[in-house]
Amino acid sequence: MNLAQSFETHVPIIDLCHPKSSDEEIAAIVRDAAIKHGFFAVTGHSVPKEVISRHVAVQKQFFSLPLEKKMQISVNKSNCGYTVIGEETLDVEGSTVGDTREGLYFRRSSAGNPLDGQNQWPGEEDVPGYRSAVERYMDELTKLGYRLLELVSLSLGFDKSYLNAFFKQPMITLRPLKYQPVDSDERTGIYGAGKHTDYGCLTILYAPQPGLQIFQKGEWVAIDPLQDGFVINIGDMLQYWTCGLYKSTIHRVMTGHEKERYSFPFFFEPQFDAQIQPLPGYLPEGGAQKYPPITSGEYLLQKYAKTHAEFSKTMENSQNVM
C-alpha cells in the first residue's frame with residue numbers, strides 16, 4: 001500500500017504504519033490535507049478490529065432498546081448521556097426540524113468543569129458488556145489522538161511533543177449516533193446532520209456507511225466510507241491556532257429512507273482551560289484583533305448552548321440559580 005492514496009475527492013488516505021515512511025513524510029501529507037481540505041483519512045492506525053466491531057455491536061444493541069430504557073440515561077447537566085431524535089440542530093438557520101438522529105455523549109475531562117465526564121451507562125442486564133466495550137474503545141482512540149497530535153505538531157513546524165502542553169488533561173468526547181431512515185432534503189430543511197464545522201481540535205470518525213459530505217469549491221462532495229480506517233477532520237480550534245491556514249471544513253450528513261445509518265465521531269480537544277490563540281509564527285501582521293484569545297472550554301460551552309436544546313435549558317437553569 002502506498003503511503004498516501006486518495007478518495008475520489010482527492011482527500012488523502014494515509015497509512016500510519018507504512019514501513020518506508022518517516023513521521024516527517026507523513027506530517028507533510030497531513031499539512032497539505034489540512035490546508036487544502038481540512039479532511040484526511042488514516043489506515044494502519046493500530047486500533048484492533050475486534051475493539052471496533054465490539055463497540056459498534058453494543059451501540060447498535062443500545063439503540064435498539066425501547067425509548068423508556070434509553071431515557072433512563074437521558075443527557076445530564078454535564079451533557080453526558082442519551083439525546084433523543086431532533087434534540088440537536090447543527091444548522092440552526094437552515095433546518096426546519098432538528099437533526100434526524102439520536103445519540104449519546106461520553107466524556108473524559110478534568111474534574112470541576114461543566115464538561116467533566118459524569119457519564120451514564122445502561123444497565124448490564126440491558127446491554128451486557130456495554131461499559132467495558134465503550135471504555136476500551138475510548139482508550140484506543142485516545143492513543144490514536146495523541147499519535148495524530150504528534151503528526152500535527154510536526155506539520156506545523158514544531159517538535160512532535162509541542163501540542164502536548166495543551167492536552168495534559170484533554171477533553172475527550174465519544175458521540176455514538178444512529179441516523180433515522182429519513183430522506184434528507186435541502187429544499188425542506190431536513191438533514192441527518194445539518195451543515196457545520198466541528199468545534200474542537202481533531203475529530204476521529206468511524207463511519208462505515210455513506211452519507212458524509214464536505215463543502216469544497218462551492219459544492220457538496222460525498223466522502224466514501226472506509227471499513228477499516230478513520231476519517232480525520234480539523235476543528236475550529238486548530239483553524240484558530242493557525243489563523244485559518246488549516247481548514248475547519250463545513251460538512252453535513254445526508255440520509256435516505258432505505259435504512260438507518262450509524263456513525264461514531266470521537267472528539268479530541270485541548271484541556272478545558274487551554275488558551276486558544278494563534279500559535280507562534282502563525283499570527284499575521286495586524287491580526288491580533290481578528291483572533292482574540294478564548295479558552296477551549298468557553299468555546300465549547302458557547303457552541304453547545306447554540307445547538308443543543310437540552311444543554312441550553314441546563315445552562316439557563318444554572319444561571320438562574322446563581
# chains A, B, ... in the order shown; residues from 1 in each chain; ligands from 1

call {"tool": "closest_atom_pairs", "arguments": {"of": "region 177-282 of chain A", "to": "region 168-171 of chain A", "cutoff": "9 Å", "atoms": "only C-alpha atoms", "output": "CSV"}}
result
residue,atom,partner,partner_atom,distance
A:Phe267,CA,A:Met171,CA,8.0
A:Phe268,CA,A:Met171,CA,6.4
A:Glu269,CA,A:Met171,CA,5.0
A:Pro270,CA,A:Pro170,CA,4.9
A:Gln271,CA,A:Pro170,CA,4.3
A:Phe272,CA,A:Met171,CA,6.7

call {"tool": "residues_around", "arguments": {"residues": "region 139-149 of chain A", "least_positions_apart": "4", "cutoff": "10 Å", "atoms": "only C-alpha atoms", "output": "JSON, numbers by chain"}}
result
{"A": [16, 27, 30, 42, 45, 46, 47, 48, 51, 52, 133, 134, 135, 153, 154, 155, 160, 161, 162, 163, 164, 167, 170, 172, 173, 174, 201, 202, 203, 204, 205, 232, 266, 267, 268, 269]}

call {"tool": "closest_residue", "arguments": {"among": "A:Cys17, A:Met237, A:Ile85, A:Val152", "to": "Lys70 (chain A)", "atoms": "only C-alpha atoms"}}
result
A:Ile85

call {"tool": "residues_around", "arguments": {"residues": "Gln289 (chain A)", "least_positions_apart": "4", "cutoff": "12 Å", "atoms": "only C-alpha atoms", "output": "ChimeraX atom specification"}}
result
/A:243,277-278,283-285,293

call {"tool": "atom_distance", "arguments": {"atom1": "CA of Asp273 (chain A)", "atom2": "CA of Pro292 (chain A)"}}
result
15.1 Å

call {"tool": "closest_residue", "arguments": {"among": "A:Ala28, A:Val253, A:Leu104, A:Met71", "to": "Glu186 (chain A)", "atoms": "only C-alpha atoms"}}
result
A:Val253

call {"tool": "closest_residue", "arguments": {"among": "A:Asn233, A:Pro176, A:Lys217, A:Arg54", "to": "Tyr105 (chain A)", "atoms": "only C-alpha atoms"}}
result
A:Pro176

call {"tool": "residues_around", "arguments": {"residues": "Leu301 (chain A)", "least_positions_apart": "2", "cutoff": "12 Å", "atoms": "only C-alpha atoms", "output": "PyMOL selection string"}}
result
chain A and resi 77-79+113-115+199-200+272+294-299+303-308+311-312+314-315

call {"tool": "select_by_dssp", "arguments": {"residues": "region 21-241 of chain A", "states": "alpha helix (DSSP H)", "output": "ChimeraX atom specification"}}
result
/A:23-36,49-63,67-70,130-155,236-241

call {"tool": "select_by_dssp", "arguments": {"residues": "region 169-264 of chain A", "states": "strand (DSSP E or B)", "output": "VMD selection string"}}
result
chain A and resid 171 to 174 177 to 179 185 190 193 to 196 202 to 206 212 to 216 219 to 222 230 to 234 251 to 253 261 to 264

call {"tool": "atom_distance", "arguments": {"atom1": "CA of Thr89 (chain A)", "atom2": "CA of Leu212 (chain A)"}}
result
16.4 Å

call {"tool": "closest_residue", "arguments": {"among": "A:Phe62, A:Phe166, A:Tyr82, A:Phe158", "to": "Arg131 (chain A)", "atoms": "only C-alpha atoms"}}
result
A:Phe62

call {"tool": "closest_residue", "arguments": {"among": "A:Asp23, A:Glu93, A:Asp224, A:Asp236", "to": "Phe40 (chain A)", "atoms": "only C-alpha atoms"}}
result
A:Asp224

call {"tool": "decode", "arguments": {"residues": "region 286-304 of chain A", "atoms": "N, CA, C and O atoms", "output": "PDB file, in the first residue's frame"}}
result
ATOM      1  N   GLY A 286      -1.064  42.552  12.129  1.00  0.00           N
ATOM      2  CA  GLY A 286      -2.360  43.197  12.327  1.00  0.00           C
ATOM      3  C   GLY A 286      -3.507  42.247  12.611  1.00  0.00           C
ATOM      4  O   GLY A 286      -4.667  42.646  12.588  1.00  0.00           O
ATOM      5  N   GLY A 287      -3.204  40.997  12.914  1.00  0.00           N
ATOM      6  CA  GLY A 287      -4.261  40.011  13.095  1.00  0.00           C
ATOM      7  C   GLY A 287      -4.711  39.806  14.519  1.00  0.00           C
ATOM      8  O   GLY A 287      -5.590  38.982  14.770  1.00  0.00           O
ATOM      9  N   ALA A 288      -4.134  40.536  15.478  1.00  0.00           N
ATOM     10  CA  ALA A 288      -4.448  40.291  16.889  1.00  0.00           C
ATOM     11  C   ALA A 288      -5.928  40.512  17.198  1.00  0.00           C
ATOM     12  O   ALA A 288      -6.529  39.763  17.975  1.00  0.00           O
ATOM     13  N   GLN A 289      -6.544  41.533  16.593  1.00  0.00           N
ATOM     14  CA  GLN A 289      -7.950  41.807  16.871  1.00  0.00           C
ATOM     15  C   GLN A 289      -8.871  40.753  16.259  1.00  0.00           C
ATOM     16  O   GLN A 289      -9.938  40.469  16.789  1.00  0.00           O
ATOM     17  N   LYS A 290      -8.440  40.165  15.163  1.00  0.00           N
ATOM     18  CA  LYS A 290      -9.253  39.144  14.495  1.00  0.00           C
ATOM     19  C   LYS A 290      -9.237  37.828  15.268  1.00  0.00           C
ATOM     20  O   LYS A 290     -10.167  37.037  15.156  1.00  0.00           O
ATOM     21  N   TYR A 291      -8.186  37.607  16.051  1.00  0.00           N
ATOM     22  CA  TYR A 291      -8.038  36.343  16.761  1.00  0.00           C
ATOM     23  C   TYR A 291      -7.825  36.582  18.255  1.00  0.00           C
ATOM     24  O   TYR A 291      -6.768  36.286  18.801  1.00  0.00           O
ATOM     25  N   PRO A 292      -8.839  37.119  18.961  1.00  0.00           N
ATOM     26  CA  PRO A 292      -8.694  37.301  20.411  1.00  0.00           C
ATOM     27  C   PRO A 292      -8.673  35.954  21.112  1.00  0.00           C
ATOM     28  O   PRO A 292      -9.322  34.994  20.653  1.00  0.00           O
ATOM     29  N   PRO A 293      -7.947  35.837  22.219  1.00  0.00           N
ATOM     30  CA  PRO A 293      -7.868  34.540  22.903  1.00  0.00           C
ATOM     31  C   PRO A 293      -9.189  34.144  23.550  1.00  0.00           C
ATOM     32  O   PRO A 293      -9.977  34.981  23.976  1.00  0.00           O
ATOM     33  N   ILE A 294      -9.412  32.846  23.604  1.00  0.00           N
ATOM     34  CA  ILE A 294     -10.562  32.269  24.290  1.00  0.00           C
ATOM     35  C   ILE A 294     -10.112  30.915  24.810  1.00  0.00           C
ATOM     36  O   ILE A 294      -9.192  30.312  24.245  1.00  0.00           O
ATOM     37  N   THR A 295     -10.696  30.447  25.883  1.00  0.00           N
ATOM     38  CA  THR A 295     -10.309  29.114  26.352  1.00  0.00           C
ATOM     39  C   THR A 295     -11.092  28.044  25.592  1.00  0.00           C
ATOM     40  O   THR A 295     -12.195  28.288  25.082  1.00  0.00           O
ATOM     41  N   SER A 296     -10.518  26.879  25.563  1.00  0.00           N
ATOM     42  CA  SER A 296     -11.156  25.739  24.913  1.00  0.00           C
ATOM     43  C   SER A 296     -12.543  25.479  25.494  1.00  0.00           C
ATOM     44  O   SER A 296     -13.514  25.280  24.752  1.00  0.00           O
ATOM     45  N   GLY A 297     -12.643  25.479  26.806  1.00  0.00           N
ATOM     46  CA  GLY A 297     -13.918  25.206  27.455  1.00  0.00           C
ATOM     47  C   GLY A 297     -14.978  26.243  27.159  1.00  0.00           C
ATOM     48  O   GLY A 297     -16.145  25.907  26.905  1.00  0.00           O
ATOM     49  N   GLU A 298     -14.595  27.520  27.196  1.00  0.00           N
ATOM     50  CA  GLU A 298     -15.553  28.583  26.902  1.00  0.00           C
ATOM     51  C   GLU A 298     -16.130  28.419  25.498  1.00  0.00           C
ATOM     52  O   GLU A 298     -17.336  28.576  25.275  1.00  0.00           O
ATOM     53  N   TYR A 299     -15.261  28.113  24.554  1.00  0.00           N
ATOM     54  CA  TYR A 299     -15.705  27.986  23.167  1.00  0.00           C
ATOM     55  C   TYR A 299     -16.695  26.830  23.017  1.00  0.00           C
ATOM     56  O   TYR A 299     -17.758  26.976  22.389  1.00  0.00           O
ATOM     57  N   LEU A 300     -16.385  25.674  23.614  1.00  0.00           N
ATOM     58  CA  LEU A 300     -17.277  24.529  23.506  1.00  0.00           C
ATOM     59  C   LEU A 300     -18.627  24.799  24.158  1.00  0.00           C
ATOM     60  O   LEU A 300     -19.680  24.450  23.606  1.00  0.00           O
ATOM     61  N   LEU A 301     -18.628  25.434  25.321  1.00  0.00           N
ATOM     62  CA  LEU A 301     -19.884  25.726  26.002  1.00  0.00           C
ATOM     63  C   LEU A 301     -20.772  26.639  25.161  1.00  0.00           C
ATOM     64  O   LEU A 301     -21.995  26.454  25.093  1.00  0.00           O
ATOM     65  N   GLN A 302     -20.172  27.639  24.532  1.00  0.00           N
ATOM     66  CA  GLN A 302     -20.929  28.537  23.666  1.00  0.00           C
ATOM     67  C   GLN A 302     -21.577  27.778  22.513  1.00  0.00           C
ATOM     68  O   GLN A 302     -22.751  27.999  22.175  1.00  0.00           O
ATOM     69  N   LYS A 303     -20.826  26.873  21.904  1.00  0.00           N
ATOM     70  CA  LYS A 303     -21.339  26.115  20.766  1.00  0.00           C
ATOM     71  C   LYS A 303     -22.454  25.156  21.184  1.00  0.00           C
ATOM     72  O   LYS A 303     -23.482  25.046  20.502  1.00  0.00           O
ATOM     73  N   TYR A 304     -22.258  24.454  22.290  1.00  0.00           N
ATOM     74  CA  TYR A 304     -23.291  23.523  22.744  1.00  0.00           C
ATOM     75  C   TYR A 304     -24.592  24.256  23.060  1.00  0.00           C
ATOM     76  O   TYR A 304     -25.686  23.759  22.768  1.00  0.00           O
TER      77      TYR A 304
END
